[in-house]
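S.K.: One structure coming up, written as structure tokens, with questions to follow.
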Amino acid sequence: MNTNTVLLTGDNIKTAKYLGTQIGINEIRAELLPEQKVENILSLKKSGMVCMIGDGVNDAPALKIADVGVAMGAIGSDIAVEASDIALMNDDISKLPYLKWLGNTTLKTIRCAIFLSMCINFVAVTLSVMGILNPTTGALVHNAGSCFVILLAALLYDRKYCPALN
């Protein structure tokens with residue numbers, strides 16, 4: 001997924017290293033208190049966007065301070081769910097690549113929709129200044145642009161995720 005994964009845990013170092021080797025995480029920071037997790041998140045944010053995934057009360061401050069907080073909702077504490085931006089209700093961590101893909105796809109769609117809308121409005125204003133469009137046709141062109149934006153957003157609904165392509 002072109003990301004750097006860091007394991008921040010309150011568990012002891014031996015358990016954390018074992019888990020890290022099992023799931024392929026090389027950077028492990030163990031035996032952390034909640035405030036140390038926050039310090040680590042703040043440090044990691046200096047390098048770029050940070051997504052924190054957690055499930056417990058001890059993760060809530062770090063979930064809140066991260067750029068994106070993801071709570072494991074079914075097994076997680078209520079405070080972790082409240083502090084996060086996203087809650088995975090079935091605790092299936094394998095959905096994270098889909099979540100990242102969906103977020104990136106949504107942002108691309110939003111950028112495309114804004115660009116399209118601005119282009120349509122620019123053309124409409126230019127044609128109005130030239131006297132080609134009157135106020136009624138200008139309003140129709142503006143509303144047509146809004147319809148295009150809605151149609152682009154609707155394309156997100158049934159878009160298929162293919163892990164092999166991401």
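Identifiers for the structure tokens are assigned positionally: chains receive A, B, ... in sequence, residues are indexed from 1 per chain, and ligands are indexed from 1 in the order shown.
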Using only C-alpha atoms, determine which residues lie at most 10 Å from A:Leu156, disregarding the query and same-chain residues fewer than 5 positions distant; provide the list as a ChimeraX atom specification.
M.R.: /A:102,105-106,109,151
S.K.: For the selection just defined, write its residues with C-alpha atoms to a file, as an mmCIF file, in the first residue's frame.
M.R.:
```
data_model
loop_
_atom_site.group_PDB
_atom_site.id
_atom_site.type_symbol
_atom_site.label_atom_id
_atom_site.label_comp_id
_atom_site.auth_asym_id
_atom_site.auth_seq_id
_atom_site.Cartn_x
_atom_site.Cartn_y
_atom_site.Cartn_z
ATOM 1 C CA LEU A 102 -11.852 4.160 -1.085
ATOM 2 C CA THR A 105 -10.701 7.254 -4.926
ATOM 3 C CA THR A 106 -13.128 9.589 -3.174
ATOM 4 C CA THR A 109 -13.497 12.078 -7.556
ATOM 5 C CA LEU A 151 -23.254 11.915 -11.368
#
```
S.K.: Neighbours of A:Phe148 within 12 Å (only C-alpha atoms; same-chain residues fewer than 3 positions away dropped), as a list in words?
M.R.: Thr109, Ile110, Cys112, Ala113, Ile114, Phe115, Leu116, Ser117, Met118, Cys119, Ile120, Val141, His142, Asn143, Ala144, Gly145, Leu151, Leu152, Ala153, Ala154 and Leu155 of chain A
S.K.: Please extract the residues of stretch 10-147 of chain A with a backbone DSSP assignment of strand (DSSP E or B) and present them as JSON, numbers by chain.
M.R.: {"A": [27, 28, 29, 51, 52, 53, 54, 68, 69, 70, 71, 72, 86, 87, 88]}
S.K.: Within 6 Å of A:Met72, counting only C-alpha atoms, which residues qualify if same-chain residues fewer than 3 places away don't, as a list in words?
M.R.: Asp55, Gly76, Ala87, Leu88 and Asp91 of chain A
S.K.: Can you tell me, as number ranges by chain, what residues are no more than 9 Å from A:Gly56 when counting only C-alpha atoms, ignoring any on the same chain fewer than 6 positions away?
M.R.: A: 71-72, 75-81
S.K.: What does the structure give for the distance between atom CA of A:Ile53 and atom CA of A:Val68, in Å to one decimal?
M.R.: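 It comes out at 8.6 Å.
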